[in-house]
Structures are given as C-alpha cells and as structure tokens.
Amino acid sequence: MRYTWFILPLLLCNLSWGQMNHPKASPFSKIEQEVGLSKITIAYSRPSAKGRVLFGNQLNGESGLVPYGRIWRVGANESTKITFSNDVLITDHLLSKGTYALYTFPEEKEWQVIFHNNTTHWGDGRTNYNLDEDALRILVAATQTQDFQESFLISFDGLDHNGAVMNLNWGTTQVSVPMFFDTKSIMQLQIDERLANSPTPQTYYEIARYYQEQDIHREKALGHVEEAIEKGGDTYYFYRVKSLILADLLRYDEAIAAAEISLKLSEIEGKDEFVRLNQNTISNWKSLRKKNK
C-alpha cells in the first residue's frame with residue numbers, strides 16, 4: 001500500500017502516452033468454411049444497424065449508410081478479404097484460388113459483387129479503386145427477409161461436397177452468391193497419388209467408400225474394397241461398404257451375403273449402430289430381391 005503513490009502516476013502516464021485499446025464499434029470476425037476438400041476463409045468487420053437506415057440514397061429525408069450505386073467494402077474498417085484454397089466457380093464464372101478483396105455495388109433489386117485483386121486498399125479504396133484490377137464481377141439479386149439482422153453477417157448455407165451459398169445479410173436485405181468446387185477432380189488427383197504410392201488396405205477401403213457415396217465408378221469401387229479385404233482381412237466396415245456397392249449394382253444376393261458377414265463382425269465388436277444398419281439393409285434388399293424375380 002505504501003508504494004501506491006508511486007505506481008499510480010506511472011499507470012496514468014502510460015495511458016496518456018500510449019494508444020488505448022478500446023472496444024470496436026464494428027468488431028472483427030473471421031470465418032472458415034470447408035466445402036468438400038476446399039476451404040473458404042473470410043475476414044471482415046461487422047457494423048451494427050443501431051436503428052439507422054442501412055441501404056439507399058434517400059428515405060424520408062435520411063440517407064442510407066450504404067448508398068445505392070457506390071462501392072461498399074461489405075463490412076467496416078479495412079476491406080473484407082476472401083480466400084479460396086482451390087479454384088472456384090462463382091455462378092458460372094471460374095475464379096482462381098487465392099485471396100481477394102470483396103466489394104459490392106448495392107442497388108435496390110440487385111447487387112454487383114466484386115472479387116478484387118488489389119487487397120492493399122484501406123476500406124473500400126474509393127479514390128484508388130481501379131476497375132481493371134477486378135478479378136471477377138457478377139450480378140446477383142437482392143431479396144428481403146422477414147427477420148432483421150442487426151449486425152452485418154456473412155454466412156454459408158446449402159453445403160455439400162461440391163458447393164455452398166455465401167449469404168450477405170444486414171437489416172432485412174439478403175444477397176446470396178452460389179459457389180462451386182470441382183471436388184471430384186480434386187479427390188481423383190488424391191486417389192491417383194495414393195494408389196501410386198504403396199496403398200494400404202485402408203487406402204483401398206476409403207477409395208471404395210468415396211466412390212460408393214458419390215455413386216460413381218461402381219465396378220472400380222468393388223475391386224478396391226475386395227482388395228482391402230484381401231490385404232486387410234475381415235473387417236465389419238470393409239464388408240459394410242462391399243454390401244452397399246453390390247446393392248448399387250443390383251446384385252442383391254451377394255449384397256445380403258456381405259451384409260451378413262458385416263453384421264456378425266459388428267456383433268462381435270459391439271458395434272450396435274452397424275448391427276442395426278446391416279439388419280435394416282438386409283431386410284430391405286430381401287424385399288427388393290423378391291420384386292426383381
């Protein structure tokens with residue numbers, strides 16, 4: 001306590017001489033979204049509505065925070081950055097993998113969405129923005145939602161192995177941008193590389209499972225899972241995938257036989273979920289076998 005008189009003036013000096021770290025009105029956010037074997041990363045700041053008019057030139061005598069027809073950084077503070085780990089198809093336009101500044105030109109019914117090569121501008125780069133540095137510019141519809149989004153939000157929906165939809169939401173305005181990746185080609189390159197470099201039984205199984213899940217290369221899938229069984233021995237999940245592939249080939253007798261082996265192996269290892277899965281598919285395939293006879 002006797003040293004308080006000495007420490008307090010030092011603290012006050014540090015506060016007055018140094019820059020204070022204070023809460024930001026538009027806090028920083030970073031999202032990473034996996035899409036199949038690709039990743040989309042977005043770094044942006046999130047302004048809030050706070051009862052203000054958000055979009056438009058003039059409404060009841062009040063201008064919007066984001067005027068129509070003028071470039072917007074899609075957030076606040078520094079420019080929003082979007083990174084693609086692989087080449088991506090946006091609507092029907094191919095964009096190379098890399099990092100871009102994300103800009104828009106909002107209008108009432110549709111927005112121009114821009115992926116810009118120059119990522120060095122602060123904010124929207126209004127005075128330095130150069131149209132020639134755009135990597136891609138697309139036109140998408142602007143819709144109105146029933147729910148009000150207080151803080152500007154970028155999110156992803158409609159996810160599957162090959163694509164996603166990027167949604168921009170603020171207030172009741174939503175803009176959606178579909179994105180697609182050639183996951184099958186990316187996966188096939190990985191498969192070819194693995195097969196050429198000392199594949200293990202697990203390698204053959206994973207390739208067979210992928211082909212089965214994607215409903216492609218059925219005969220190749222069967223060959224790979226049989227290779228997995230030959231080299232890796234009797235495994236409940238090996239036989240599970242083999243049964244599914246045989247069923248896809250409409251070879252129900254063989255599918256049932258493989259599923260019965262998987263069922264027995266699952267019971268031995270206490271894999272209750274696989275016991276139920278095999279029981280259900282065996283029953284289903286027996287019904288389908290009768291119909292096909």
# chains A, B, ... in the order shown; residues from 1 in each chain; ligands from 1
$ residues_around --residues "A:Glu108" --least-positions-apart "2" --cutoff "10 Å" --atoms "only C-alpha atoms" --output "mmCIF file with all heavy atoms, in the first residue's frame"
data_model
loop_
_atom_site.group_PDB
_atom_site.id
_atom_site.type_symbol
_atom_site.label_atom_id
_atom_site.label_comp_id
_atom_site.auth_asym_id
_atom_site.auth_seq_id
_atom_site.Cartn_x
_atom_site.Cartn_y
_atom_site.Cartn_z
ATOM 1 N N PHE A 55 -29.525 0.909 -46.348
ATOM 2 C CA PHE A 55 -29.257 0.970 -47.783
ATOM 3 C C PHE A 55 -30.169 1.990 -48.444
ATOM 4 O O PHE A 55 -31.325 2.156 -48.052
ATOM 5 C CB PHE A 55 -29.458 -0.399 -48.434
ATOM 6 C CG PHE A 55 -28.559 -1.477 -47.877
ATOM 7 C CD1 PHE A 55 -29.051 -2.413 -46.980
ATOM 8 C CD2 PHE A 55 -27.221 -1.531 -48.234
ATOM 9 C CE1 PHE A 55 -28.230 -3.398 -46.460
ATOM 10 C CE2 PHE A 55 -26.391 -2.513 -47.721
ATOM 11 C CZ PHE A 55 -26.895 -3.455 -46.828
ATOM 12 N N GLY A 56 -29.643 2.661 -49.467
ATOM 13 C CA GLY A 56 -30.466 3.597 -50.238
ATOM 14 C C GLY A 56 -29.897 4.995 -50.240
ATOM 15 O O GLY A 56 -29.051 5.344 -49.413
ATOM 16 N N ASN A 57 -30.386 5.795 -51.165
ATOM 17 C CA ASN A 57 -29.880 7.163 -51.315
ATOM 18 C C ASN A 57 -30.618 8.156 -50.436
ATOM 19 O O ASN A 57 -30.024 9.006 -49.812
ATOM 20 C CB ASN A 57 -29.980 7.582 -52.786
ATOM 21 C CG ASN A 57 -29.073 6.737 -53.670
ATOM 22 O OD1 ASN A 57 -28.027 6.294 -53.219
ATOM 23 N ND2 ASN A 57 -29.482 6.501 -54.899
ATOM 24 N N PRO A 67 -25.030 3.950 -49.609
ATOM 25 C CA PRO A 67 -25.814 4.493 -50.730
ATOM 26 C C PRO A 67 -25.847 3.522 -51.905
ATOM 27 O O PRO A 67 -24.896 2.767 -52.134
ATOM 28 C CB PRO A 67 -25.050 5.778 -51.100
ATOM 29 C CG PRO A 67 -24.197 6.078 -49.908
ATOM 30 C CD PRO A 67 -23.860 4.768 -49.300
ATOM 31 N N TYR A 68 -26.942 3.554 -52.632
ATOM 32 C CA TYR A 68 -27.027 2.758 -53.846
ATOM 33 C C TYR A 68 -25.999 3.255 -54.866
ATOM 34 O O TYR A 68 -25.727 4.447 -54.977
ATOM 35 C CB TYR A 68 -28.418 2.839 -54.449
ATOM 36 C CG TYR A 68 -29.484 2.100 -53.667
ATOM 37 C CD1 TYR A 68 -30.793 2.570 -53.637
ATOM 38 C CD2 TYR A 68 -29.191 0.922 -52.984
ATOM 39 C CE1 TYR A 68 -31.782 1.898 -52.934
ATOM 40 C CE2 TYR A 68 -30.166 0.246 -52.275
ATOM 41 C CZ TYR A 68 -31.469 0.740 -52.247
ATOM 42 O OH TYR A 68 -32.439 0.073 -51.552
ATOM 43 N N GLY A 69 -25.451 2.291 -55.612
ATOM 44 C CA GLY A 69 -24.570 2.627 -56.725
ATOM 45 C C GLY A 69 -23.159 3.015 -56.345
ATOM 46 O O GLY A 69 -22.358 3.361 -57.212
ATOM 47 N N PRO A 106 -24.207 -1.964 -54.210
ATOM 48 C CA PRO A 106 -25.599 -2.306 -53.940
ATOM 49 C C PRO A 106 -26.582 -1.441 -54.735
ATOM 50 O O PRO A 106 -26.337 -0.256 -54.979
ATOM 51 C CB PRO A 106 -25.754 -2.035 -52.441
ATOM 52 C CG PRO A 106 -24.361 -1.946 -51.908
ATOM 53 C CD PRO A 106 -23.546 -1.391 -53.028
ATOM 54 N N GLU A 110 -30.782 -5.499 -57.164
ATOM 55 C CA GLU A 110 -29.659 -6.374 -57.453
ATOM 56 C C GLU A 110 -28.346 -5.696 -57.078
ATOM 57 O O GLU A 110 -28.258 -4.469 -57.039
ATOM 58 C CB GLU A 110 -29.644 -6.788 -58.933
ATOM 59 C CG GLU A 110 -29.654 -5.628 -59.901
ATOM 60 C CD GLU A 110 -29.851 -6.079 -61.342
ATOM 61 O OE1 GLU A 110 -30.213 -7.251 -61.552
ATOM 62 O OE2 GLU A 110 -29.638 -5.251 -62.250
ATOM 63 N N TRP A 111 -27.368 -6.530 -56.778
ATOM 64 C CA TRP A 111 -26.053 -6.027 -56.383
ATOM 65 C C TRP A 111 -24.986 -6.547 -57.344
ATOM 66 O O TRP A 111 -25.058 -7.681 -57.808
ATOM 67 C CB TRP A 111 -25.676 -6.523 -54.991
ATOM 68 C CG TRP A 111 -26.398 -5.880 -53.853
ATOM 69 C CD1 TRP A 111 -27.597 -5.239 -53.876
ATOM 70 C CD2 TRP A 111 -25.957 -5.866 -52.487
ATOM 71 N NE1 TRP A 111 -27.946 -4.811 -52.628
ATOM 72 C CE2 TRP A 111 -26.957 -5.185 -51.745
ATOM 73 C CE3 TRP A 111 -24.846 -6.354 -51.829
ATOM 74 C CZ2 TRP A 111 -26.850 -4.991 -50.377
ATOM 75 C CZ3 TRP A 111 -24.739 -6.168 -50.459
ATOM 76 C CH2 TRP A 111 -25.729 -5.481 -49.745
ATOM 77 N N ALA A 141 -29.214 -11.095 -57.330
ATOM 78 C CA ALA A 141 -30.441 -10.468 -56.838
ATOM 79 C C ALA A 141 -30.325 -10.106 -55.362
ATOM 80 O O ALA A 141 -29.665 -10.803 -54.580
ATOM 81 C CB ALA A 141 -31.622 -11.410 -57.055
ATOM 82 N N ALA A 142 -30.962 -9.010 -54.983
ATOM 83 C CA ALA A 142 -31.093 -8.623 -53.582
ATOM 84 C C ALA A 142 -32.536 -8.907 -53.158
ATOM 85 O O ALA A 142 -33.476 -8.469 -53.811
ATOM 86 C CB ALA A 142 -30.765 -7.146 -53.394
ATOM 87 N N THR A 143 -32.709 -9.654 -52.078
ATOM 88 C CA THR A 143 -34.043 -10.019 -51.606
ATOM 89 C C THR A 143 -34.285 -9.468 -50.212
ATOM 90 O O THR A 143 -33.350 -9.043 -49.524
ATOM 91 C CB THR A 143 -34.212 -11.542 -51.603
ATOM 92 O OG1 THR A 143 -33.230 -12.121 -50.708
ATOM 93 C CG2 THR A 143 -34.019 -12.119 -52.998
ATOM 94 N N GLN A 144 -35.546 -9.478 -49.811
ATOM 95 C CA GLN A 144 -35.920 -9.003 -48.481
ATOM 96 C C GLN A 144 -36.347 -10.183 -47.616
ATOM 97 O O GLN A 144 -37.057 -11.075 -48.069
ATOM 98 C CB GLN A 144 -37.058 -7.982 -48.586
ATOM 99 C CG GLN A 144 -36.670 -6.707 -49.316
ATOM 100 C CD GLN A 144 -35.548 -5.953 -48.626
ATOM 101 O OE1 GLN A 144 -35.617 -5.656 -47.434
ATOM 102 N NE2 GLN A 144 -34.485 -5.667 -49.381
ATOM 103 N N THR A 173 -32.146 -7.090 -45.734
ATOM 104 C CA THR A 173 -31.597 -7.336 -47.070
ATOM 105 C C THR A 173 -30.696 -8.558 -47.057
ATOM 106 O O THR A 173 -29.863 -8.716 -46.159
ATOM 107 C CB THR A 173 -30.797 -6.118 -47.558
ATOM 108 O OG1 THR A 173 -31.669 -4.985 -47.655
ATOM 109 C CG2 THR A 173 -30.174 -6.384 -48.926
#
$ select_by_dssp --residues "stretch 77-190 of chain A" --states "strand (DSSP E or B)" --output "ChimeraX atom specification"
/A:80-84,88-90,93-95,98-105,110-116,134-157,163-180
$ atom_distance --atom1 "atom CA of A:Gly75" --atom2 "atom CA of A:Lys39"
21.0 Å
$ closest_residue --among "A:Leu263, A:Val225, A:Val53, A:Val74" --to "A:Glu150" --atoms "only C-alpha atoms"
A:Val53
$ residues_around --residues "A:Phe148" --least-positions-apart "5" --cutoff "12 Å" --atoms "only C-alpha atoms" --output "PyMOL selection string"
chain A and resi 48-51+54+153+169-174
$ residues_around --residues "A:Tyr100" --least-positions-apart "3" --cutoff "10 Å" --atoms "only C-alpha atoms" --output "list in words"
Ile42, Ser79, Thr80, Lys81, Ile82, Thr83, Phe84, Lys97, Tyr103, Ile114, Phe115, His116, Asn117, Asn118, Thr119, Thr120, Asp134, Ala135 and Leu136 of chain A
$ write_last_selection --atoms "N, CA and C atoms" --output "PDB file, in the first residue's frame"
ATOM      1  N   ILE A  42     -13.006 -16.014 -44.730  1.00  0.00           N
ATOM      2  CA  ILE A  42     -13.408 -14.608 -44.861  1.00  0.00           C
ATOM      3  C   ILE A  42     -13.046 -13.858 -43.585  1.00  0.00           C
ATOM      4  N   SER A  79     -10.734  -3.436 -45.774  1.00  0.00           N
ATOM      5  CA  SER A  79     -11.525  -4.174 -46.755  1.00  0.00           C
ATOM      6  C   SER A  79     -11.699  -5.631 -46.335  1.00  0.00           C
ATOM      7  N   THR A  80     -12.850  -6.176 -46.679  1.00  0.00           N
ATOM      8  CA  THR A  80     -13.126  -7.585 -46.412  1.00  0.00           C
ATOM      9  C   THR A  80     -12.274  -8.443 -47.346  1.00  0.00           C
ATOM     10  N   LYS A  81     -11.662  -9.490 -46.786  1.00  0.00           N
ATOM     11  CA  LYS A  81     -10.814 -10.394 -47.571  1.00  0.00           C
ATOM     12  C   LYS A  81     -11.464 -11.776 -47.630  1.00  0.00           C
ATOM     13  N   ILE A  82     -11.472 -12.351 -48.819  1.00  0.00           N
ATOM     14  CA  ILE A  82     -11.982 -13.704 -49.002  1.00  0.00           C
ATOM     15  C   ILE A  82     -10.902 -14.541 -49.682  1.00  0.00           C
ATOM     16  N   THR A  83     -10.668 -15.736 -49.150  1.00  0.00           N
ATOM     17  CA  THR A  83      -9.615 -16.612 -49.652  1.00  0.00           C
ATOM     18  C   THR A  83     -10.206 -17.960 -50.040  1.00  0.00           C
ATOM     19  N   PHE A  84      -9.828 -18.445 -51.229  1.00  0.00           N
ATOM     20  CA  PHE A  84     -10.246 -19.762 -51.707  1.00  0.00           C
ATOM     21  C   PHE A  84      -9.005 -20.651 -51.797  1.00  0.00           C
ATOM     22  N   LYS A  97      -7.866 -19.840 -57.399  1.00  0.00           N
ATOM     23  CA  LYS A  97      -7.640 -19.857 -55.954  1.00  0.00           C
ATOM     24  C   LYS A  97      -6.761 -18.667 -55.565  1.00  0.00           C
ATOM     25  N   TYR A 103     -15.878  -6.639 -52.616  1.00  0.00           N
ATOM     26  CA  TYR A 103     -16.616  -5.377 -52.690  1.00  0.00           C
ATOM     27  C   TYR A 103     -17.988  -5.632 -53.305  1.00  0.00           C
ATOM     28  N   ILE A 114     -18.041  -8.078 -56.288  1.00  0.00           N
ATOM     29  CA  ILE A 114     -16.739  -7.977 -56.946  1.00  0.00           C
ATOM     30  C   ILE A 114     -15.672  -8.690 -56.126  1.00  0.00           C
ATOM     31  N   PHE A 115     -14.873  -9.499 -56.817  1.00  0.00           N
ATOM     32  CA  PHE A 115     -13.686 -10.121 -56.245  1.00  0.00           C
ATOM     33  C   PHE A 115     -12.496  -9.392 -56.863  1.00  0.00           C
ATOM     34  N   HIS A 116     -11.800  -8.629 -56.024  1.00  0.00           N
ATOM     35  CA  HIS A 116     -10.829  -7.643 -56.494  1.00  0.00           C
ATOM     36  C   HIS A 116      -9.411  -8.096 -56.176  1.00  0.00           C
ATOM     37  N   ASN A 117      -8.516  -7.971 -57.151  1.00  0.00           N
ATOM     38  CA  ASN A 117      -7.144  -8.445 -56.984  1.00  0.00           C
ATOM     39  C   ASN A 117      -6.325  -7.619 -56.001  1.00  0.00           C
ATOM     40  N   ASN A 118      -6.594  -6.317 -55.930  1.00  0.00           N
ATOM     41  CA  ASN A 118      -5.792  -5.443 -55.070  1.00  0.00           C
ATOM     42  C   ASN A 118      -6.355  -5.490 -53.641  1.00  0.00           C
ATOM     43  N   THR A 119      -5.618  -6.109 -52.745  1.00  0.00           N
ATOM     44  CA  THR A 119      -6.073  -6.256 -51.356  1.00  0.00           C
ATOM     45  C   THR A 119      -5.417  -5.249 -50.417  1.00  0.00           C
ATOM     46  N   THR A 120      -4.725  -4.238 -50.964  1.00  0.00           N
ATOM     47  CA  THR A 120      -3.963  -3.302 -50.127  1.00  0.00           C
ATOM     48  C   THR A 120      -4.751  -2.060 -49.740  1.00  0.00           C
ATOM     49  N   ASP A 134     -10.198  -5.711 -61.065  1.00  0.00           N
ATOM     50  CA  ASP A 134     -11.207  -6.706 -60.703  1.00  0.00           C
ATOM     51  C   ASP A 134     -10.819  -8.060 -61.274  1.00  0.00           C
ATOM     52  N   ALA A 135     -10.930  -9.113 -60.454  1.00  0.00           N
ATOM     53  CA  ALA A 135     -10.745 -10.472 -60.958  1.00  0.00           C
ATOM     54  C   ALA A 135     -12.062 -11.014 -61.493  1.00  0.00           C
ATOM     55  N   LEU A 136     -13.161 -10.615 -60.851  1.00  0.00           N
ATOM     56  CA  LEU A 136     -14.490 -11.092 -61.262  1.00  0.00           C
ATOM     57  C   LEU A 136     -15.545 -10.138 -60.735  1.00  0.00           C
TER      58      LEU A 136
END
$ residues_around --residues "A:Trp285" --least-positions-apart "6" --cutoff "9 Å" --atoms "only C-alpha atoms" --output "PyMOL selection string"
chain A and resi 247+252-253+255-256
$ closest_residue --among "A:Ile282, A:Ala228, A:Leu65, A:Leu288" --to "A:Leu244" --atoms "only C-alpha atoms"
A:Ile282
$ residues_around --residues "A:Val140" --least-positions-apart "2" --cutoff "9 Å" --atoms "only C-alpha atoms" --output "VMD selection string"
chain A and resid 109 to 113 138 142 175 to 177
$ residues_around --residues "A:Asp272" --least-positions-apart "6" --cutoff "12 Å" --atoms "only C-alpha atoms" --output "ChimeraX atom specification"
/A:236,262-266,278-279
$ closest_residue --among "A:Ser155, A:Ser185, A:Leu89, A:Arg240" --to "A:Ile31" --atoms "only C-alpha atoms"
A:Ser155
$ decode --residues "stretch 55-166 of chain A" --atoms "C-alpha atoms" --output "CSV table (one decimal), in the first residue's frame"
chain,number,residue,atom,x,y,z
A,55,PHE,CA,-29.3,1.0,-47.8
A,56,GLY,CA,-30.5,3.6,-50.2
A,57,ASN,CA,-29.9,7.2,-51.3
A,58,GLN,CA,-32.7,9.0,-49.6
A,59,LEU,CA,-35.6,7.6,-47.4
A,60,ASN,CA,-37.8,10.0,-45.5
A,61,GLY,CA,-35.1,12.7,-45.7
A,62,GLU,CA,-32.5,10.3,-44.4
A,63,SER,CA,-29.6,8.9,-46.5
A,64,GLY,CA,-28.7,5.2,-46.0
A,65,LEU,CA,-25.3,4.2,-44.5
A,66,VAL,CA,-24.6,2.4,-47.8
A,67,PRO,CA,-25.8,4.5,-50.7
A,68,TYR,CA,-27.0,2.8,-53.8
A,69,GLY,CA,-24.6,2.6,-56.7
A,70,ARG,CA,-21.5,3.3,-54.6
A,71,ILE,CA,-18.7,0.8,-53.8
A,72,TRP,CA,-19.1,-0.8,-50.3
A,73,ARG,CA,-16.4,-2.9,-48.5
A,74,VAL,CA,-19.0,-5.4,-47.3
A,75,GLY,CA,-18.5,-4.6,-43.7
A,76,ALA,CA,-16.5,-1.9,-41.9
A,77,ASN,CA,-12.9,-0.8,-41.3
A,78,GLU,CA,-10.4,-2.4,-43.6
A,79,SER,CA,-11.5,-4.2,-46.8
A,80,THR,CA,-13.1,-7.6,-46.4
A,81,LYS,CA,-10.8,-10.4,-47.6
A,82,ILE,CA,-12.0,-13.7,-49.0
A,83,THR,CA,-9.6,-16.6,-49.7
A,84,PHE,CA,-10.2,-19.8,-51.7
A,85,SER,CA,-7.9,-22.7,-51.3
A,86,ASN,CA,-8.9,-24.1,-54.7
A,87,ASP,CA,-10.2,-22.7,-58.0
A,88,VAL,CA,-13.9,-21.9,-57.6
A,89,LEU,CA,-16.9,-21.5,-59.9
A,90,ILE,CA,-19.0,-18.5,-58.8
A,91,THR,CA,-22.3,-18.6,-60.6
A,92,ASP,CA,-20.9,-19.7,-64.0
A,93,HIS,CA,-17.5,-17.9,-63.8
A,94,LEU,CA,-14.2,-19.5,-62.9
A,95,LEU,CA,-12.1,-17.7,-60.3
A,96,SER,CA,-8.6,-18.9,-59.5
A,97,LYS,CA,-7.6,-19.9,-56.0
A,98,GLY,CA,-6.2,-17.0,-53.9
A,99,THR,CA,-7.1,-14.0,-51.7
A,100,TYR,CA,-9.3,-11.2,-53.0
A,101,ALA,CA,-10.9,-8.0,-51.6
A,102,LEU,CA,-14.6,-8.4,-51.6
A,103,TYR,CA,-16.6,-5.4,-52.7
A,104,THR,CA,-20.2,-4.7,-53.8
A,105,PHE,CA,-22.2,-2.0,-55.6
A,106,PRO,CA,-25.6,-2.3,-53.9
A,107,GLU,CA,-28.8,-1.4,-55.7
A,108,GLU,CA,-32.4,-1.9,-54.6
A,109,LYS,CA,-33.1,-5.0,-56.6
A,110,GLU,CA,-29.7,-6.4,-57.5
A,111,TRP,CA,-26.1,-6.0,-56.4
A,112,GLN,CA,-22.8,-6.2,-58.2
A,113,VAL,CA,-20.4,-8.4,-56.2
A,114,ILE,CA,-16.7,-8.0,-56.9
A,115,PHE,CA,-13.7,-10.1,-56.2
A,116,HIS,CA,-10.8,-7.6,-56.5
A,117,ASN,CA,-7.1,-8.4,-57.0
A,118,ASN,CA,-5.8,-5.4,-55.1
A,119,THR,CA,-6.1,-6.3,-51.4
A,120,THR,CA,-4.0,-3.3,-50.1
A,121,HIS,CA,-6.7,-0.6,-50.1
A,122,TRP,CA,-8.0,0.6,-46.7
A,123,GLY,CA,-11.8,0.3,-46.6
A,124,ASP,CA,-13.4,0.4,-50.0
A,125,GLY,CA,-10.5,2.1,-51.7
A,126,ARG,CA,-13.0,4.6,-53.2
A,127,THR,CA,-10.5,7.0,-54.6
A,128,ASN,CA,-7.9,4.4,-55.6
A,129,TYR,CA,-10.3,1.6,-56.7
A,130,ASN,CA,-9.4,0.5,-60.2
A,131,LEU,CA,-11.9,-1.4,-62.3
A,132,ASP,CA,-9.1,-3.0,-64.2
A,133,GLU,CA,-7.9,-4.8,-61.1
A,134,ASP,CA,-11.2,-6.7,-60.7
A,135,ALA,CA,-10.7,-10.5,-61.0
A,136,LEU,CA,-14.5,-11.1,-61.3
A,137,ARG,CA,-17.7,-9.0,-61.2
A,138,ILE,CA,-21.1,-10.7,-61.1
A,139,LEU,CA,-24.7,-9.5,-60.7
A,140,VAL,CA,-26.9,-11.1,-58.1
A,141,ALA,CA,-30.4,-10.5,-56.8
A,142,ALA,CA,-31.1,-8.6,-53.6
A,143,THR,CA,-34.0,-10.0,-51.6
A,144,GLN,CA,-35.9,-9.0,-48.5
A,145,THR,CA,-36.2,-11.3,-45.4
A,146,GLN,CA,-38.8,-11.3,-42.6
A,147,ASP,CA,-36.1,-11.5,-39.9
A,148,PHE,CA,-34.0,-8.4,-39.1
A,149,GLN,CA,-30.2,-8.9,-38.9
A,150,GLU,CA,-28.9,-6.3,-36.5
A,151,SER,CA,-25.1,-6.8,-37.1
A,152,PHE,CA,-23.9,-7.4,-40.6
A,153,LEU,CA,-23.4,-11.1,-41.2
A,154,ILE,CA,-21.6,-13.2,-43.8
A,155,SER,CA,-22.5,-16.9,-43.6
A,156,PHE,CA,-22.7,-20.1,-45.6
A,157,ASP,CA,-25.6,-22.3,-46.3
A,158,GLY,CA,-26.6,-25.1,-48.7
A,159,LEU,CA,-23.4,-27.0,-48.1
A,160,ASP,CA,-22.5,-30.3,-49.8
A,161,HIS,CA,-19.3,-31.9,-51.1
A,162,ASN,CA,-19.2,-29.6,-54.2
A,163,GLY,CA,-20.6,-26.2,-53.2
A,164,ALA,CA,-22.1,-23.7,-50.8
A,165,VAL,CA,-24.0,-20.4,-50.9
A,166,MET,CA,-22.4,-17.3,-49.4
